[in-house]
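What follows is the content of run33.txt, which has compact mmCIF, C-alpha atoms and all ligand atoms:
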# COMPACT_ATOMS: atom_id res chain seq x y z
CA MET A 306 116.11 108.34 116.49
CA THR A 307 112.69 106.99 115.53
CA ARG A 308 112.95 104.49 112.68
CA VAL A 309 110.23 103.96 110.10
CA LEU A 310 110.26 100.99 107.75
CA VAL A 311 108.40 101.98 104.57
CA THR A 312 107.23 99.18 102.30
CA GLY A 313 106.59 100.44 98.80
CA GLY A 314 108.69 103.52 99.50
CA ALA A 315 109.91 103.50 95.89
CA GLY A 316 106.41 104.12 94.58
CA TYR A 317 104.42 107.28 93.96
CA ILE A 318 102.69 107.88 97.30
CA GLY A 319 105.29 105.95 99.31
CA SER A 320 108.19 108.09 98.10
CA HIS A 321 106.38 111.34 98.94
CA CYS A 322 105.62 109.98 102.40
CA CYS A 323 109.30 109.05 102.87
CA LYS A 324 110.12 112.71 102.33
CA ALA A 325 107.48 113.74 104.88
CA PHE A 326 108.78 111.22 107.44
CA ALA A 327 112.36 112.42 106.93
CA GLU A 328 111.27 116.04 107.30
CA ALA A 329 109.53 115.09 110.54
CA GLY A 330 112.89 113.86 111.83
CA TYR A 331 112.43 110.11 111.42
CA GLU A 332 115.03 107.73 110.01
CA VAL A 333 113.55 106.07 106.92
CA VAL A 334 114.36 102.63 105.53
CA VAL A 335 112.55 101.54 102.35
CA PHE A 336 111.55 97.93 101.68
CA ASP A 337 110.52 97.52 98.04
CA ASN A 338 110.82 94.87 95.32
CA LEU A 339 111.04 97.57 92.60
CA TYR A 340 108.38 95.74 90.59
CA ARG A 341 106.47 98.95 89.97
CA GLY A 342 108.66 101.18 92.08
CA TRP A 343 111.73 103.15 91.08
CA ARG A 344 115.18 103.12 92.60
CA ASP A 345 115.70 106.82 91.89
CA LEU A 346 112.58 107.75 93.88
CA VAL A 347 114.23 106.36 97.02
CA ARG A 348 115.92 109.49 98.33
CA TRP A 349 115.28 109.65 102.04
CA GLY A 350 116.90 106.56 103.45
CA ARG A 351 118.39 103.35 102.19
CA LEU A 352 116.66 100.67 100.18
CA ILE A 353 116.27 97.05 101.15
CA GLU A 354 115.20 95.17 98.05
CA GLY A 355 112.62 92.62 99.07
CA ASP A 356 109.12 91.33 98.50
CA ILE A 357 106.36 91.43 101.10
CA ARG A 358 105.27 87.94 100.03
CA ASP A 359 108.64 86.68 101.26
CA ARG A 360 108.34 86.19 105.00
CA ALA A 361 112.05 85.43 105.46
CA ALA A 362 112.98 88.72 103.77
CA LEU A 363 110.56 90.59 106.04
CA ASP A 364 111.96 88.88 109.14
CA ALA A 365 115.49 89.82 108.11
CA ALA A 366 114.44 93.45 107.56
CA MET A 367 112.67 93.61 110.94
CA ALA A 368 115.72 92.15 112.72
CA GLU A 369 118.10 94.53 110.98
CA VAL A 370 116.08 97.77 111.07
CA LYS A 371 114.19 97.28 114.36
CA PRO A 372 111.56 99.82 113.28
CA ASP A 373 109.45 101.79 115.74
CA LEU A 374 106.73 101.96 113.11
CA VAL A 375 105.94 100.35 109.76
CA ALA A 376 104.23 102.32 106.98
CA HIS A 377 102.86 99.96 104.36
CA PHE A 378 102.42 101.18 100.77
CA ALA A 379 103.57 98.16 98.77
CA ALA A 380 100.55 97.05 96.75
CA LEU A 381 99.13 96.54 93.29
CA THR A 382 96.69 99.34 92.49
CA TYR A 383 95.04 98.86 89.08
CA VAL A 384 91.31 98.21 89.32
CA ALA A 385 90.97 96.64 85.85
CA GLU A 386 93.94 94.37 86.44
CA SER A 387 92.39 93.24 89.72
CA VAL A 388 89.20 92.25 87.89
CA ALA A 389 91.16 90.29 85.26
CA ASP A 390 93.56 88.65 87.71
CA PRO A 391 92.25 88.82 91.31
CA ALA A 392 94.67 86.18 92.58
CA ARG A 393 97.60 88.56 92.16
CA TYR A 394 95.76 91.21 94.17
CA TYR A 395 94.88 88.90 97.04
CA GLU A 396 98.42 87.51 97.01
CA ASN A 397 100.22 90.88 97.01
CA ASN A 398 97.81 93.11 98.84
CA THR A 399 96.08 90.81 101.30
CA PHE A 400 98.52 87.95 101.89
CA GLY A 401 101.47 90.37 101.62
CA ALA A 402 99.98 92.56 104.35
CA PHE A 403 99.27 89.49 106.49
CA ASN A 404 102.91 88.44 106.13
CA LEU A 405 104.04 91.89 107.14
CA LEU A 406 101.76 92.02 110.19
CA GLU A 407 102.99 88.58 111.24
CA ALA A 408 106.63 89.60 110.83
CA MET A 409 105.92 92.70 112.92
CA ARG A 410 104.24 90.60 115.60
CA ALA A 411 107.16 88.18 115.71
CA HIS A 412 109.57 91.10 116.18
CA GLY A 413 107.47 93.07 118.67
CA VAL A 414 106.70 95.98 116.30
CA SER A 415 103.28 97.36 117.18
CA ARG A 416 102.74 100.58 115.20
CA PHE A 417 101.43 100.47 111.67
CA ILE A 418 100.24 102.92 109.03
CA PHE A 419 98.25 101.37 106.22
CA SER A 420 97.86 102.85 102.77
CA SER A 421 94.14 102.28 102.22
CA THR A 422 91.74 103.60 99.66
CA ALA A 423 88.30 105.01 98.93
CA ALA A 424 87.85 101.82 96.89
CA THR A 425 87.09 100.03 100.18
CA PHE A 426 83.74 101.85 100.21
CA GLY A 427 82.43 100.79 96.82
CA ALA A 428 79.49 102.69 95.36
CA PRO A 429 78.89 105.94 97.25
CA GLN A 430 75.58 106.25 99.08
CA THR A 431 76.22 109.73 100.46
CA THR A 432 78.46 112.66 99.57
CA PRO A 433 80.75 113.58 101.21
CA MET A 434 81.75 110.16 102.57
CA ASP A 435 82.92 109.92 106.15
CA GLU A 436 84.27 106.90 108.04
CA THR A 437 80.78 105.63 108.91
CA HIS A 438 79.91 105.07 105.25
CA PRO A 439 79.20 101.36 104.56
CA GLN A 440 82.04 99.42 102.94
CA TRP A 441 81.16 97.07 100.13
CA PRO A 442 83.83 97.23 97.41
CA ILE A 443 82.91 96.76 93.76
CA ASN A 444 86.21 95.22 92.58
CA PRO A 445 88.89 92.82 93.86
CA TYR A 446 91.32 95.70 94.40
CA GLY A 447 88.94 97.25 96.95
CA TRP A 448 88.31 93.88 98.59
CA SER A 449 92.02 93.09 98.79
CA LYS A 450 92.49 96.29 100.80
CA LEU A 451 89.30 96.02 102.89
CA MET A 452 90.37 92.57 104.08
CA VAL A 453 93.53 94.17 105.45
CA GLU A 454 91.44 96.78 107.26
CA ARG A 455 89.52 93.91 108.87
CA MET A 456 92.78 92.29 109.93
CA LEU A 457 93.96 95.55 111.47
CA ALA A 458 90.85 95.87 113.63
CA ASP A 459 91.16 92.25 114.77
CA TYR A 460 94.92 92.46 115.41
CA ALA A 461 94.40 95.64 117.42
CA LYS A 462 91.91 93.87 119.69
CA ALA A 463 93.78 90.62 120.07
CA TYR A 464 97.45 91.60 119.90
CA GLY A 465 97.55 95.30 120.78
CA LEU A 466 98.44 96.49 117.26
CA ARG A 467 98.21 100.28 117.05
CA PHE A 468 97.34 101.36 113.54
CA ALA A 469 96.18 104.22 111.35
CA SER A 470 94.51 103.19 108.12
CA LEU A 471 94.47 106.14 105.74
CA ARG A 472 91.98 105.94 102.90
CA TYR A 473 93.03 108.14 100.04
CA PHE A 474 90.57 109.51 97.56
CA ASN A 475 92.32 110.65 94.33
CA ALA A 476 96.01 111.18 95.01
CA ALA A 477 97.52 113.62 92.51
CA GLY A 478 100.28 116.17 92.04
CA ALA A 479 103.99 116.01 92.72
CA ASP A 480 106.54 117.17 95.25
CA ALA A 481 106.83 120.98 95.15
CA GLY A 482 110.62 120.67 95.34
CA GLY A 483 110.49 118.75 92.04
CA GLU A 484 112.48 115.86 93.51
CA ILE A 485 109.88 113.17 92.95
CA GLY A 486 106.51 112.78 91.25
CA GLU A 487 104.00 110.42 89.73
CA ARG A 488 105.45 107.68 87.54
CA HIS A 489 103.18 104.77 86.69
CA GLU A 490 103.66 102.25 83.92
CA PRO A 491 101.13 102.02 82.46
CA GLU A 492 99.71 105.40 83.42
CA THR A 493 95.93 105.37 83.90
CA HIS A 494 95.30 108.47 86.03
CA LEU A 495 93.52 111.57 84.92
CA VAL A 496 96.01 114.35 85.66
CA PRO A 497 99.08 112.81 83.96
CA LEU A 498 97.04 111.58 80.99
CA ALA A 499 95.31 114.91 80.45
CA LEU A 500 98.73 116.57 80.59
CA GLU A 501 99.87 114.26 77.78
CA GLY A 502 96.81 115.29 75.79
CA ALA A 503 97.78 118.95 76.12
CA LEU A 504 101.48 118.44 75.43
CA ARG A 505 101.49 115.89 72.62
CA ASP A 506 99.78 115.68 69.27
CA ASP A 507 100.06 111.91 69.21
CA TYR A 508 98.17 111.31 72.45
CA ARG A 509 94.39 111.42 72.34
CA PHE A 510 92.88 112.31 75.71
CA THR A 511 89.44 110.78 76.27
CA ILE A 512 86.84 111.78 78.82
CA PHE A 513 85.19 108.61 80.08
CA GLY A 514 81.53 109.65 79.86
CA ASP A 515 79.86 113.05 79.89
CA ASP A 516 76.35 111.94 80.75
CA PHE A 517 76.68 111.57 84.53
CA ALA A 518 74.28 113.40 86.85
CA THR A 519 76.90 116.01 87.81
CA ARG A 520 77.22 119.76 87.19
CA ASP A 521 78.81 119.31 83.75
CA GLY A 522 78.09 115.64 83.05
CA THR A 523 81.60 114.38 83.85
CA CYS A 524 82.68 112.51 86.99
CA VAL A 525 83.42 114.37 90.19
CA ARG A 526 86.45 113.22 92.19
CA ASP A 527 88.20 114.50 95.26
CA TYR A 528 91.82 115.20 94.24
CA VAL A 529 94.20 115.38 97.17
CA HIS A 530 97.77 116.56 96.75
CA VAL A 531 100.33 113.85 97.42
CA THR A 532 102.25 116.32 99.59
CA ASP A 533 99.15 116.65 101.76
CA LEU A 534 99.04 112.85 101.97
CA GLY A 535 102.67 113.00 103.10
CA SER A 536 101.81 115.37 105.93
CA ALA A 537 98.87 113.14 106.95
CA HIS A 538 101.23 110.18 107.29
CA ALA A 539 103.76 112.16 109.32
CA LEU A 540 100.97 113.33 111.64
CA ALA A 541 99.57 109.79 111.92
CA ALA A 542 103.06 108.50 112.80
CA ARG A 543 103.47 111.13 115.50
CA HIS A 544 100.00 110.37 116.82
CA LEU A 545 100.77 106.64 117.13
CA LEU A 546 104.24 107.24 118.58
CA GLU A 547 102.76 109.53 121.24
CA GLY A 548 100.29 106.84 122.24
CA GLY A 549 97.23 108.26 120.51
CA GLU A 550 94.37 106.06 119.49
CA GLY A 551 94.52 105.02 115.87
CA GLY A 552 91.75 103.95 113.57
CA PHE A 553 90.46 104.63 110.09
CA PHE A 554 90.71 108.02 108.41
CA ASN A 555 89.39 109.28 105.08
CA LEU A 556 91.77 111.64 103.30
CA GLY A 557 90.54 114.04 100.67
CA SER A 558 90.33 117.76 100.11
CA GLY A 559 86.57 117.77 100.72
CA GLU A 560 86.14 119.49 97.34
CA GLY A 561 85.11 117.69 94.20
CA ALA A 562 86.36 118.60 90.72
CA THR A 563 84.87 117.32 87.48
CA VAL A 564 86.98 115.83 84.69
CA LYS A 565 86.21 118.92 82.59
CA GLU A 566 87.34 121.22 85.41
CA VAL A 567 90.62 119.34 85.64
CA ALA A 568 91.00 119.63 81.85
CA ASP A 569 90.33 123.39 82.09
CA ALA A 570 92.97 123.72 84.82
CA ILE A 571 95.45 121.91 82.58
CA GLU A 572 94.80 124.35 79.75
CA THR A 573 95.28 127.30 82.09
CA VAL A 574 98.48 125.98 83.64
CA THR A 575 100.13 124.77 80.43
CA GLY A 576 98.82 127.56 78.20
CA ARG A 577 97.96 124.88 75.64
CA ARG A 578 94.73 123.57 74.23
CA LEU A 579 93.63 120.14 75.43
CA PRO A 580 91.48 118.44 72.78
CA ARG A 581 88.75 116.43 74.53
CA HIS A 582 87.33 113.31 73.00
CA ILE A 583 84.23 111.94 74.64
CA GLY A 584 84.32 108.18 75.12
CA PRO A 585 82.04 105.70 76.87
CA ARG A 586 81.89 105.46 80.63
CA ARG A 587 84.57 103.35 82.28
CA GLU A 588 83.14 100.34 84.04
CA GLY A 589 82.64 100.83 87.76
CA ASP A 590 83.07 104.63 87.73
CA PRO A 591 80.56 106.27 90.10
CA ALA A 592 79.34 109.80 89.27
CA ALA A 593 80.83 111.46 92.36
CA LEU A 594 83.27 110.55 95.12
CA VAL A 595 84.09 113.20 97.70
CA ALA A 596 85.64 112.65 101.13
CA SER A 597 84.81 114.08 104.47
CA SER A 598 88.14 114.34 106.28
CA ALA A 599 86.71 115.92 109.42
CA LYS A 600 88.02 113.03 111.54
CA ALA A 601 91.60 113.34 110.24
CA GLN A 602 91.39 117.07 110.80
CA SER A 603 90.16 116.81 114.38
CA VAL A 604 92.11 113.75 115.56
CA LEU A 605 95.38 114.20 113.65
CA GLY A 606 95.26 117.97 113.16
CA TRP A 607 95.61 117.45 109.40
CA ARG A 608 94.93 120.27 106.93
CA PRO A 609 95.08 119.66 103.18
CA THR A 610 96.73 122.95 102.25
CA HIS A 611 98.02 122.07 98.75
CA SER A 612 94.99 120.33 97.29
CA GLY A 613 93.52 123.09 95.13
CA ILE A 614 93.28 121.75 91.58
CA ALA A 615 95.53 124.53 90.21
CA GLU A 616 98.36 123.68 92.62
CA ILE A 617 97.97 119.98 91.91
CA VAL A 618 98.17 120.53 88.16
CA GLU A 619 101.07 123.01 88.41
CA SER A 620 103.18 120.56 90.41
CA ALA A 621 102.30 117.65 88.11
CA TYR A 622 103.20 119.77 85.08
CA ALA A 623 106.56 120.78 86.56
CA TRP A 624 107.34 117.11 87.21
CA ARG A 625 106.21 116.14 83.71
CA LEU A 626 108.57 118.69 82.18
CA LYS A 627 111.39 117.27 84.25
CA GLU A 628 110.56 113.68 83.33
CA GLY A 629 110.16 114.28 79.60
CA THR A 630 107.93 112.25 77.33
CA ARG A 631 106.16 109.44 79.05
CA GLU A 632 104.91 106.13 77.67
CA THR A 633 101.14 106.08 77.40
N1 LIG B 1 89.33 109.79 83.50
C1 LIG B 1 89.05 110.20 82.20
N2 LIG B 1 89.99 109.99 81.24
C2 LIG B 1 91.19 109.41 81.49
C3 LIG B 1 91.48 109.00 82.82
C4 LIG B 1 90.53 109.21 83.80
O1 LIG B 1 87.97 110.73 81.93
O2 LIG B 1 91.99 109.25 80.56
C5 LIG B 1 88.33 110.03 84.57
C6 LIG B 1 87.81 108.77 85.25
O3 LIG B 1 86.67 108.27 84.57
C7 LIG B 1 87.47 109.29 86.66
C8 LIG B 1 88.48 110.40 86.88
O4 LIG B 1 88.97 110.77 85.59
O5 LIG B 1 86.18 109.87 86.67
C9 LIG B 1 89.66 109.99 87.74
O6 LIG B 1 90.18 108.77 87.23
P1 LIG B 1 91.55 108.15 87.73
O7 LIG B 1 91.81 106.92 86.93
O8 LIG B 1 92.60 109.21 87.75
O9 LIG B 1 91.29 107.76 89.27
P2 LIG B 1 90.17 106.83 89.94
O10 LIG B 1 89.00 107.73 90.24
O11 LIG B 1 89.84 105.75 88.99
O12 LIG B 1 90.84 106.36 91.17
Could I get this file's structure written as structure tokens?
Amino acid sequence: MTRVLVTGGAGYIGSHCCKAFAEAGYEVVVFDNLYRGWRDLVRWGRLIEGDIRDRAALDAAMAEVKPDLVAHFAALTYVAESVADPARYYENNTFGAFNLLEAMRAHGVSRFIFSSTAATFGAPQTTPMDETHPQWPINPYGWSKLMVERMLADYAKAYGLRFASLRYFNAAGADAGGEIGERHEPETHLVPLALEGALRDDYRFTIFGDDFATRDGTCVRDYVHVTDLGSAHALAARHLLEGGEGGFFNLGSGEGATVKEVADAIETVTGRRLPRHIGPRREGDPAALVASSAKAQSVLGWRPTHSGIAEIVESAYAWRLKEGTRET
């Protein structure tokens, strides 16, 4: 049976991808330090508690699991935190990935899926953005991930690493089966926060700027259902295991939604009013970010079939009802 070692498999996107790997017939083993991950989100395979900064722990996991492929999600992901404390981001995201790649090399593991991000592009120069768009991140988070992308290209050339680097735009939504969903502490993302605004009187939802040059003045983002991200990872794994050429892939729905459109969808789905306070722009927020995923569609055969904003919000709402009140 094909074995996949999933770092960060106790996190939001990692746990959904574990489900997709298991459904594709792979044996899943999670490697996670549970710093911002959750033991109860590990449902498709056992958990090895460990930290990617700890080379000895990685070596032990490689020796024990003997994975055919490593899928790497373990990372810090808050842009503002990366600006305030870049060292932590370079240590976890860049050095941690280096450690992992070195442990793989030492144990002869040559297939790798990397959880990358639209933040590696920086300010958008064209919309939609395909893989040829220039990459010049505007925060340490984006740089910490782009440096890994650089390593992947160099390791592929020098050591025969076979990789797929998947750059997510705005991951959102929750597993349709209701088994897992988005759980961040603190929560900073639009869909869960706007849901709080609709469901609770004591949470004030704020739109970060309504004077952008977009159709309604609020930011346009490309929301992609986390279940669609799961299927992209399963397809990328199959592609690498069958000897296909890897590379970099942008993952989005190809459709942009404004903050107001997401807020409208939340009102429709919940049947509740969502009071909208208009606040200042958030630093570093571009007006519009939309992916072209033509490459993932043609090379991997990927189709984002769940990424309509209504389906995203419905699944996030179902998960929110299951989770109960969240800290904001
Ligand atoms: N946003 C907002 N209010 C919030 C949270 C987010 O207006 O409480 C906006 C944010 O400015 C951006 C979009 O929603 O335009 C998506 O933000 P999120 O933090 O979910 O993802 P990001 O685009 O930063 O990766």
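A distance search around ligand LIG 1 (chain B) (8 Å at most, only C-alpha atoms and all ligand atoms) returns the following protein and nucleic acid residues: Val384, Ala424, Phe474, Asn475, Thr493, His494, Leu495, Val496, Leu498, Ala499, Phe510, Thr511, Ile512, Phe513, Gly514, Thr523, Cys524, Val525, Arg526, Thr563, Val564, Arg586, Arg587, Asp590, Pro591, Ala592 and Ala593 of chain A.
Comparing A:Lys450, A:Arg348, A:Arg467, A:Arg358 by their smallest distance to Ala541 (chain A), the closest is A:Arg467 (using all atoms listed in the file).
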Centre and edges of the region 340-350 of chain A box, axis-aligned, 8 Å extra per side, as JSON:
{"center_x": 111.7, "center_y": 102.7, "center_z": 96.7, "size_x": 26.4, "size_y": 29.9, "size_z": 29.5}
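Each of A:Glu628, A:Glu454, A:Glu550, A:Asp373 was checked against Asn398 (chain A) using all atoms listed in the file; the smallest atom-to-atom distance is that of A:Glu454.
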Test item: which residues lie within 10 Å of (105.3, 114.1, 101.6) counting all atoms listed in the file, as a VMD selection string: chain A and resid 318 to 329 479 to 481 485 530 to 539
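Straight-line separation from CA of Arg472 (chain A) to CA of His611 (chain A): 17.7 Å.
Here CA of Lys565 (chain A) and CA of Asp521 (chain A) stand 7.5 Å from one another.
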Distance query Met306 (chain A) at most 9 Å, all atoms listed in the file, self and fewer than 2 positions along chain excluded, as a list in words: Arg308, Gly330, Tyr331 and Glu332 of chain A
Nearby residues (all atoms listed in the file) at most 7 Å from Gly350 (chain A), same-chain spacing under 5 positions excluded, as a count of residues only: 4
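Put simply, CA of Ala423 (chain A) is 13.0 Å away from CA of Ser558 (chain A).
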Residues near Glu436 (chain A), cut-off 9 Å, all atoms listed in the file, skip fewer than 5 positions along chain, as a PyMOL selection string: chain A and resi 553-555+597-598+600
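For the choices A:Asp337, A:Asp569, A:Asp507, A:Asp364, the atom-to-atom distance to Ala380 (chain A) is smallest for A:Asp337 when using all atoms listed in the file.
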Pull N, CA and C atoms for region 429-461 of chain A from the block and write them as a compact mmCIF listing (two decimals), in the first residue's frame.
# COMPACT_ATOMS: atom_id res chain seq x y z
N PRO A 429 -0.57 41.62 -7.11
CA PRO A 429 -0.93 41.10 -8.44
C PRO A 429 -0.72 42.13 -9.55
N GLN A 430 -0.13 41.68 -10.64
CA GLN A 430 0.06 42.55 -11.80
C GLN A 430 -0.95 42.24 -12.89
N THR A 431 -1.51 41.04 -12.85
CA THR A 431 -2.53 40.65 -13.82
C THR A 431 -3.59 39.82 -13.09
N THR A 432 -4.78 39.77 -13.65
CA THR A 432 -5.84 38.93 -13.12
C THR A 432 -6.50 38.22 -14.29
N PRO A 433 -6.72 36.94 -14.26
CA PRO A 433 -6.27 36.01 -13.23
C PRO A 433 -4.77 35.76 -13.29
N MET A 434 -4.22 35.21 -12.19
CA MET A 434 -2.78 34.97 -12.09
C MET A 434 -2.47 33.53 -12.44
N ASP A 435 -1.61 33.34 -13.43
CA ASP A 435 -1.18 31.96 -13.71
C ASP A 435 0.24 31.77 -13.17
N GLU A 436 0.84 30.64 -13.49
CA GLU A 436 2.13 30.28 -12.89
C GLU A 436 3.27 31.14 -13.40
N THR A 437 3.05 31.87 -14.50
CA THR A 437 4.13 32.71 -15.04
C THR A 437 4.16 34.09 -14.38
N HIS A 438 3.19 34.36 -13.52
CA HIS A 438 3.16 35.67 -12.85
C HIS A 438 4.44 35.85 -12.01
N PRO A 439 5.06 37.04 -12.05
CA PRO A 439 6.27 37.25 -11.24
C PRO A 439 6.01 37.05 -9.75
N GLN A 440 7.03 36.57 -9.06
CA GLN A 440 6.89 36.31 -7.61
C GLN A 440 7.79 37.26 -6.83
N TRP A 441 7.16 38.14 -6.09
CA TRP A 441 7.89 39.07 -5.24
C TRP A 441 7.01 39.34 -4.02
N PRO A 442 7.09 38.47 -3.01
CA PRO A 442 6.19 38.57 -1.86
C PRO A 442 6.26 39.92 -1.16
N ILE A 443 5.21 40.26 -0.46
CA ILE A 443 5.16 41.55 0.24
C ILE A 443 5.15 41.35 1.76
N ASN A 444 5.43 40.14 2.23
CA ASN A 444 5.55 39.92 3.68
C ASN A 444 6.43 38.69 3.93
N PRO A 445 6.97 38.58 5.15
CA PRO A 445 7.86 37.45 5.46
C PRO A 445 7.18 36.08 5.29
N TYR A 446 5.88 36.00 5.55
CA TYR A 446 5.19 34.74 5.33
C TYR A 446 5.38 34.28 3.88
N GLY A 447 5.09 35.17 2.94
CA GLY A 447 5.24 34.83 1.52
C GLY A 447 6.68 34.47 1.17
N TRP A 448 7.63 35.22 1.72
CA TRP A 448 9.05 34.90 1.46
C TRP A 448 9.43 33.56 2.05
N SER A 449 8.93 33.26 3.25
CA SER A 449 9.31 32.00 3.90
C SER A 449 8.86 30.80 3.07
N LYS A 450 7.78 30.97 2.32
CA LYS A 450 7.26 29.90 1.47
C LYS A 450 7.96 29.91 0.10
N LEU A 451 8.22 31.13 -0.43
CA LEU A 451 8.86 31.20 -1.75
C LEU A 451 10.27 30.61 -1.69
N MET A 452 10.96 30.81 -0.56
CA MET A 452 12.30 30.22 -0.44
C MET A 452 12.24 28.70 -0.55
N VAL A 453 11.18 28.12 -0.03
CA VAL A 453 11.03 26.66 -0.14
C VAL A 453 10.80 26.29 -1.62
N GLU A 454 9.99 27.08 -2.30
CA GLU A 454 9.78 26.79 -3.73
C GLU A 454 11.12 26.79 -4.48
N ARG A 455 11.98 27.74 -4.12
CA ARG A 455 13.30 27.81 -4.76
C ARG A 455 14.10 26.55 -4.47
N MET A 456 14.04 26.12 -3.19
CA MET A 456 14.75 24.88 -2.82
C MET A 456 14.24 23.70 -3.63
N LEU A 457 12.93 23.64 -3.81
CA LEU A 457 12.35 22.50 -4.53
C LEU A 457 12.89 22.43 -5.95
N ALA A 458 12.93 23.58 -6.63
CA ALA A 458 13.44 23.60 -8.00
C ALA A 458 14.90 23.16 -8.03
N ASP A 459 15.68 23.62 -7.06
CA ASP A 459 17.11 23.28 -7.05
C ASP A 459 17.32 21.81 -6.66
N TYR A 460 16.54 21.32 -5.71
CA TYR A 460 16.67 19.91 -5.30
C TYR A 460 16.24 18.98 -6.45
N ALA A 461 15.23 19.41 -7.20
CA ALA A 461 14.78 18.59 -8.32
C ALA A 461 15.92 18.41 -9.32
